[in-house]
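The file target_14.txt comes next; it holds compact mmCIF, C-alpha atoms.
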# COMPACT_ATOMS: atom_id res chain seq x y z
CA MET A 1 -46.56 -19.96 7.52
CA LEU A 2 -48.43 -19.47 4.28
CA SER A 3 -52.07 -18.42 4.36
CA VAL A 4 -53.53 -20.48 1.50
CA LEU A 5 -56.84 -19.09 0.26
CA TYR A 6 -57.52 -21.46 -2.64
CA GLU A 7 -55.85 -24.59 -3.96
CA ASP A 8 -56.49 -27.26 -6.59
CA ASN A 9 -54.45 -29.13 -9.21
CA HIS A 10 -54.27 -26.06 -11.46
CA LEU A 11 -54.06 -23.00 -9.24
CA ILE A 12 -53.04 -21.85 -5.79
CA ALA A 13 -53.79 -18.49 -4.18
CA VAL A 14 -52.26 -17.14 -0.99
CA ASN A 15 -52.74 -14.08 1.19
CA LYS A 16 -49.45 -12.22 0.82
CA VAL A 17 -48.02 -10.53 3.89
CA ALA A 18 -46.81 -6.98 3.34
CA GLY A 19 -43.03 -6.99 2.91
CA TYR A 20 -42.82 -10.17 0.84
CA LEU A 21 -41.57 -10.06 -2.73
CA VAL A 22 -43.69 -12.01 -5.20
CA GLN A 23 -40.68 -12.73 -7.42
CA GLY A 24 -36.97 -12.47 -6.72
CA ASP A 25 -35.07 -9.24 -7.28
CA LYS A 26 -31.59 -7.81 -6.70
CA THR A 27 -32.09 -7.85 -2.91
CA GLY A 28 -31.69 -11.62 -2.90
CA ASP A 29 -34.57 -11.99 -0.40
CA GLN A 30 -36.57 -15.20 -0.68
CA PRO A 31 -39.64 -14.46 -2.79
CA LEU A 32 -43.17 -15.66 -2.20
CA VAL A 33 -43.07 -17.88 -5.30
CA ASP A 34 -40.25 -19.93 -3.71
CA LYS A 35 -42.16 -20.23 -0.43
CA VAL A 36 -45.21 -21.55 -2.29
CA LYS A 37 -43.07 -24.02 -4.25
CA SER A 38 -41.66 -25.36 -0.99
CA TYR A 39 -45.18 -25.69 0.42
CA ILE A 40 -46.34 -27.70 -2.61
CA LYS A 41 -43.22 -29.87 -2.66
CA LYS A 42 -43.61 -30.76 1.00
CA LYS A 43 -47.40 -31.22 1.02
CA TYR A 44 -47.51 -33.48 -2.03
CA ASN A 45 -44.07 -35.05 -1.56
CA LYS A 46 -43.08 -34.01 -5.08
CA PRO A 47 -39.70 -35.16 -6.40
CA GLY A 48 -37.55 -32.74 -8.36
CA SER A 49 -38.45 -29.15 -9.13
CA VAL A 50 -41.97 -27.78 -8.77
CA PHE A 51 -43.57 -25.78 -11.59
CA LEU A 52 -45.23 -22.59 -10.40
CA GLY A 53 -46.17 -19.78 -12.76
CA VAL A 54 -46.51 -16.19 -11.56
CA VAL A 55 -49.86 -14.98 -12.88
CA HIS A 56 -49.66 -11.43 -11.47
CA ARG A 57 -47.78 -9.43 -8.85
CA LEU A 58 -48.36 -7.17 -5.88
CA ASP A 59 -46.00 -4.44 -4.74
CA ARG A 60 -43.72 -5.51 -1.90
CA PRO A 61 -45.33 -3.30 0.80
CA THR A 62 -48.85 -4.39 -0.23
CA SER A 63 -50.82 -7.32 1.22
CA GLY A 64 -53.56 -9.54 -0.20
CA VAL A 65 -54.49 -12.11 -2.83
CA VAL A 66 -51.74 -13.45 -5.08
CA LEU A 67 -52.59 -16.18 -7.59
CA PHE A 68 -50.12 -18.72 -9.00
CA ALA A 69 -50.56 -21.35 -11.73
CA ARG A 70 -49.53 -24.93 -11.01
CA THR A 71 -49.42 -25.98 -14.70
CA SER A 72 -48.20 -24.31 -17.88
CA LYS A 73 -51.67 -24.65 -19.41
CA ALA A 74 -53.26 -22.87 -16.46
CA LEU A 75 -50.60 -20.16 -16.66
CA SER A 76 -51.22 -19.44 -20.35
CA ARG A 77 -54.99 -19.37 -19.87
CA MET A 78 -54.79 -17.09 -16.86
CA ASN A 79 -52.36 -14.78 -18.66
CA LEU A 80 -54.92 -14.48 -21.46
CA GLN A 81 -57.68 -13.58 -18.99
CA PHE A 82 -55.53 -10.81 -17.54
CA LYS A 83 -54.72 -9.57 -21.03
CA LEU A 84 -58.41 -9.55 -21.99
CA ARG A 85 -59.34 -7.97 -18.63
CA ASN A 86 -61.63 -10.81 -17.67
CA ILE A 87 -60.32 -10.43 -14.12
CA ASN A 88 -62.02 -8.43 -11.39
CA LYS A 89 -59.53 -6.99 -8.90
CA ILE A 90 -60.78 -5.29 -5.75
CA TYR A 91 -58.48 -3.46 -3.34
CA TRP A 92 -59.00 -1.79 0.01
CA ALA A 93 -56.99 1.33 0.74
CA VAL A 94 -56.63 3.62 3.75
CA VAL A 95 -56.24 7.28 2.72
CA GLY A 96 -56.73 10.69 4.31
CA SER A 97 -60.17 11.78 5.43
CA ASP A 98 -62.61 14.05 3.59
CA ILE A 99 -62.18 12.58 0.13
CA ASN A 100 -64.62 14.22 -2.26
CA PRO A 101 -66.43 12.94 -4.21
CA GLN A 102 -66.92 9.79 -2.15
CA ALA A 103 -67.14 7.68 -5.32
CA ASN A 104 -65.44 8.40 -8.60
CA THR A 105 -63.67 7.05 -11.69
CA LEU A 106 -60.07 8.16 -12.13
CA ILE A 107 -58.51 8.26 -15.59
CA HIS A 108 -54.85 9.19 -15.92
CA TRP A 109 -51.84 8.51 -18.08
CA LEU A 110 -49.02 6.81 -16.17
CA LYS A 111 -45.36 7.11 -17.04
CA ARG A 112 -42.95 4.72 -15.36
CA ASN A 113 -39.45 5.64 -14.23
CA LYS A 114 -37.65 2.31 -13.98
CA LYS A 115 -34.56 3.77 -12.28
CA MET A 116 -36.67 5.15 -9.44
CA ASN A 117 -39.18 2.27 -9.60
CA LYS A 118 -41.98 4.81 -9.59
CA SER A 119 -44.85 5.87 -11.82
CA THR A 120 -46.21 9.37 -12.25
CA ALA A 121 -49.84 10.07 -13.16
CA HIS A 122 -50.62 12.76 -15.74
CA GLU A 123 -53.93 14.31 -16.74
CA ASN A 124 -53.14 13.98 -20.45
CA GLU A 125 -51.26 11.49 -22.59
CA ILE A 126 -47.53 12.03 -22.84
CA ILE A 127 -44.74 10.10 -24.58
CA ASP A 128 -44.35 6.52 -23.27
CA SER A 129 -47.34 6.83 -20.95
CA LYS A 130 -50.12 4.24 -20.53
CA LYS A 131 -53.78 4.84 -19.82
CA ALA A 132 -54.84 3.92 -16.27
CA VAL A 133 -58.44 3.61 -15.09
CA LEU A 134 -59.78 2.81 -11.63
CA HIS A 135 -63.05 3.22 -9.77
CA TYR A 136 -63.22 4.00 -6.05
CA LYS A 137 -65.93 4.36 -3.41
CA LYS A 138 -65.81 5.11 0.30
CA LEU A 139 -66.35 2.12 2.57
CA ILE A 140 -66.10 3.75 5.99
CA ASP A 141 -64.66 6.74 7.84
CA LEU A 142 -62.11 6.16 10.61
CA ASP A 143 -60.89 8.72 13.15
CA ARG A 144 -58.37 10.40 10.86
CA TYR A 145 -58.65 8.31 7.72
CA THR A 146 -61.07 6.90 5.17
CA VAL A 147 -61.16 3.34 3.85
CA LEU A 148 -61.83 3.05 0.14
CA GLU A 149 -62.79 0.12 -2.05
CA ILE A 150 -60.98 0.35 -5.38
CA LYS A 151 -61.73 -1.59 -8.53
CA LEU A 152 -58.97 -1.68 -11.13
CA GLU A 153 -59.92 -1.55 -14.77
CA THR A 154 -56.30 -1.56 -15.92
CA GLY A 155 -53.24 -3.05 -14.25
CA ARG A 156 -50.42 -0.53 -14.49
CA HIS A 157 -47.22 -0.27 -12.46
CA HIS A 158 -48.04 1.27 -9.05
CA GLN A 159 -51.37 2.35 -10.51
CA ILE A 160 -53.41 2.85 -7.34
CA ARG A 161 -50.52 4.46 -5.49
CA SER A 162 -49.77 6.98 -8.23
CA GLN A 163 -53.39 7.79 -9.12
CA MET A 164 -54.46 8.35 -5.50
CA THR A 165 -51.44 10.60 -4.96
CA LYS A 166 -52.37 12.56 -8.07
CA ILE A 167 -55.71 13.53 -6.52
CA GLY A 168 -54.10 14.36 -3.17
CA PHE A 169 -54.88 11.17 -1.23
CA PRO A 170 -51.77 8.98 -0.99
CA ILE A 171 -52.06 5.56 0.66
CA LYS A 172 -51.38 5.61 4.40
CA GLY A 173 -47.71 4.76 5.03
CA ASP A 174 -46.65 5.24 1.41
CA LEU A 175 -43.71 7.63 1.77
CA LYS A 176 -42.66 6.97 -1.81
CA TYR A 177 -45.88 8.49 -3.05
CA GLY A 178 -46.28 11.38 -0.66
CA ALA A 179 -47.61 10.02 2.65
CA LYS A 180 -46.55 12.20 5.59
CA ARG A 181 -45.28 9.30 7.71
CA SER A 182 -44.40 5.64 7.34
CA ASN A 183 -46.02 2.67 9.04
CA PRO A 184 -43.89 1.07 11.79
CA ASP A 185 -43.67 -2.23 9.89
CA GLY A 186 -42.78 -0.60 6.57
CA SER A 187 -46.06 -1.62 4.95
CA ILE A 188 -48.54 0.58 3.16
CA ASP A 189 -52.26 0.28 3.87
CA LEU A 190 -53.20 -1.13 0.49
CA HIS A 191 -54.73 -4.61 0.50
CA ALA A 192 -55.68 -6.76 -2.50
CA ARG A 193 -59.05 -7.78 -1.10
CA SER A 194 -60.41 -10.06 -3.83
CA LEU A 195 -59.72 -11.58 -7.22
CA SER A 196 -62.41 -13.00 -9.53
CA PHE A 197 -61.75 -15.02 -12.69
CA ASP A 198 -62.89 -17.98 -14.77
CA HIS A 199 -61.22 -21.23 -13.74
CA PRO A 200 -58.78 -22.23 -16.51
CA THR A 201 -60.25 -25.73 -16.95
CA THR A 202 -63.75 -25.85 -15.43
CA LYS A 203 -64.66 -22.29 -16.56
CA GLU A 204 -66.43 -21.83 -13.23
CA ARG A 205 -66.30 -18.26 -11.94
CA ILE A 206 -64.01 -18.19 -8.91
CA ASN A 207 -63.92 -15.39 -6.33
CA ILE A 208 -61.06 -15.41 -3.83
CA VAL A 209 -61.25 -13.11 -0.81
CA ALA A 210 -58.30 -12.28 1.45
CA PRO A 211 -58.80 -11.17 5.06
CA PRO A 212 -56.95 -7.89 5.73
CA PRO A 213 -53.96 -7.69 8.09
CA VAL A 214 -54.66 -7.69 11.82
CA LYS A 215 -54.08 -3.98 12.39
CA PRO A 216 -56.26 -1.31 14.06
CA GLN A 217 -57.21 0.40 10.80
CA TRP A 218 -58.68 -2.85 9.44
CA ASN A 219 -60.61 -3.77 12.59
CA PHE A 220 -63.92 -2.73 11.07
CA SER A 221 -63.58 -5.48 8.47
CA LEU A 222 -62.32 -8.46 10.44
CA SER A 223 -65.81 -9.96 10.75
CA ASP A 224 -66.58 -9.26 7.09

Could you write out this file's structure as structure tokens?
Amino acid sequence: MLSVLYEDNHLIAVNKVAGYLVQGDKTGDQPLVDKVKSYIKKKYNKPGSVFLGVVHRLDRPTSGVVLFARTSKALSRMNLQFKLRNINKIYWAVVGSDINPQANTLIHWLKRNKKMNKSTAHENEIIDSKKAVLHYKKLIDLDRYTVLEIKLETGRHHQIRSQMTKIGFPIKGDLKYGAKRSNPDGSIDLHARSLSFDHPTTKERINIVAPPPVKPQWNFSLSD
């Protein structure tokens, strides 16, 4: 079942479950975009194919807000907002304890290795690297972990995962980026908490918030 967070004639946002692909890849697994198309087709009894534009993506093991465009006009306007960075993206992440400082801005240069599907963060610019900026602050301490709120200023490949690893605090469960152990369900504890943008037709500022997964480490936030 889809968890629909927002829906109108122009846009639809869902709370992605960790493990879902947003778009299809070589695995052949059904992607989230196809699931949302089926939902729209059934709900509105639409004949023929359903248009659904992918506005942005989340990594497969990540959960949270994913926004789709239901018209080509909405897609082009939302793409422009992402390009102009008129989008506010907030993530929650579970990392190791004792992070210091408890709030900071991270600036790195990320280089992507497409064969390994991995990005590496560097202190200084290197060939084919892209500047990556994020801001984090501690939300709460857990028994052995800390929950951070992270605001992305740029939207690079695996940005949060690679930048947090660079400073020695990989995301819980993220073996690919240096976590000591995996999560039983194969997820990583990185959640796209909210997405704010200007509506493509009304220009109203929209803020979509996604409840975190029902897991012990997110219990503190379930009533948020």

Report as CSV the residues of stretch 11-127 of chain A within 6 Å of stretch 137-155 of chain A, each with its shortest atom pair and distance in Å (one decimal), using all atoms listed in the file, ordered by chain and increasing residue number.
residue,atom,partner,partner_atom,distance
A:Lys89,CA,A:Leu152,CA,5.8
A:Ile90,CA,A:Lys151,CA,4.7
A:Tyr91,CA,A:Ile150,CA,5.0
A:Trp92,CA,A:Glu149,CA,4.7
A:Ala93,CA,A:Leu148,CA,5.2
A:Val94,CA,A:Val147,CA,4.5
A:Val95,CA,A:Thr146,CA,5.4
A:Gly96,CA,A:Tyr145,CA,4.6
A:Ser97,CA,A:Tyr145,CA,4.4
A:Gln102,CA,A:Lys138,CA,5.4
A:Ala103,CA,A:Lys137,CA,4.0

I'd like to know which of A:Val55, A:Ile40, A:Val65, A:Val4 is closest to A:Lys83, using all atoms listed in the file.
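Looking at the shortest contact to A:Lys83, the residue is A:Val55.
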
Expressed in Å, the length from atom CA of A:Gln159 to atom CA of A:Arg70 is 27.3 Å

From the set A:Tyr6, A:Phe51, A:Tyr136, A:Phe82, which residue has the shortest atom-to-atom contact distance to A:Phe197, counting only C-alpha atoms?
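Closest to A:Phe197 of all the choices is A:Phe82.
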
If you count all atoms listed in the file, the residue of A:Tyr44, A:Tyr20, A:Trp218, A:Tyr39 closest to A:Arg60 turns out to be A:Tyr20

Expressed in Å to a single decimal, how great is the separation between atom CA of A:His10 and atom CA of A:Leu58?
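Distance reported for this atom pair: 20.6 Å.
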
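Picture a line from atom CA of A:Asn79 to atom CA of A:Ile107; it runs 24.0 Å.
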
Write out as an NGL selection string which residues come within 9 Å of A:Ile160 when counting all atoms listed in the file, dropping same-chain ones fewer than 3 positions away.
:A and (93 or 134 or 150 or 152 or 156-157 or 163-165 or 170-171 or 190)

I need the chosen residues saved as a compact mmCIF listing (two decimals), keeping the file's coordinate frame, with C-alpha atoms.
# COMPACT_ATOMS: atom_id res chain seq x y z
CA ALA A 93 -56.99 1.33 0.74
CA LEU A 134 -59.78 2.81 -11.63
CA ILE A 150 -60.98 0.35 -5.38
CA LEU A 152 -58.97 -1.68 -11.13
CA ARG A 156 -50.42 -0.53 -14.49
CA HIS A 157 -47.22 -0.27 -12.46
CA GLN A 163 -53.39 7.79 -9.12
CA MET A 164 -54.46 8.35 -5.50
CA THR A 165 -51.44 10.60 -4.96
CA PRO A 170 -51.77 8.98 -0.99
CA ILE A 171 -52.06 5.56 0.66
CA LEU A 190 -53.20 -1.13 0.49

Which one is closest to A:Asp98: A:Phe169, A:Arg181, A:Ile208, A:Lys203? Count all atoms listed in the file.
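Of A:Phe169, A:Arg181, A:Ile208, A:Lys203, the one nearest A:Asp98 is A:Phe169, counting all atoms listed in the file.
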
Per residue of stretch 167-200 of chain A within 10 Å of stretch 117-121 of chain A, what are the shortest atom pair and its distance in Å to one decimal, counting all atoms listed in the file, with rows by chain and residue number, as a Markdown table?
| residue | atom | partner | partner_atom | distance |
| --- | --- | --- | --- | --- |
| A:Ile167 | CA | A:Ala121 | CA | 9.5 |
| A:Lys176 | CA | A:Lys118 | CA | 8.1 |
| A:Tyr177 | CA | A:Lys118 | CA | 8.5 |

Nearest to A:Leu175 among A:Val54, A:Val133, A:Ile188, A:Leu84, with distances taken over only C-alpha atoms: which residue is it?
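Ranking A:Val54, A:Val133, A:Ile188, A:Leu84 by distance to A:Leu175, first place goes to A:Ile188.
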
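Shortest separation to A:Asn86 among A:Asp174, A:Asp198, A:Glu125, A:Asp34 occurs at residue A:Asp198, atoms counted being all atoms listed in the file.
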
Counting only C-alpha atoms, give me one row per residue of stretch 67-146 of chain A with an atom at most 12 Å from an atom of stretch 26-33 of chain A, showing the shortest contact pair and its distance in Å to one decimal, sorted by chain then residue number, as a tab-separated table.
residue	atom	partner	partner_atom	distance
A:Leu67	CA	A:Val33	CA	9.9
A:Phe68	CA	A:Val33	CA	8.0
A:Ala69	CA	A:Val33	CA	10.5
A:Arg70	CA	A:Val33	CA	11.1

Would you give the centre and edge lengths, in Å to one decimal, of a box along x, y and z around the listed atoms of stretch 93-102 of chain A, with 8 Å added to each side, as AutoDock Vina command-line options?
--center_x -61.6 --center_y 7.8 --center_z 0.6 --size_x 26.7 --size_y 28.9 --size_z 25.6
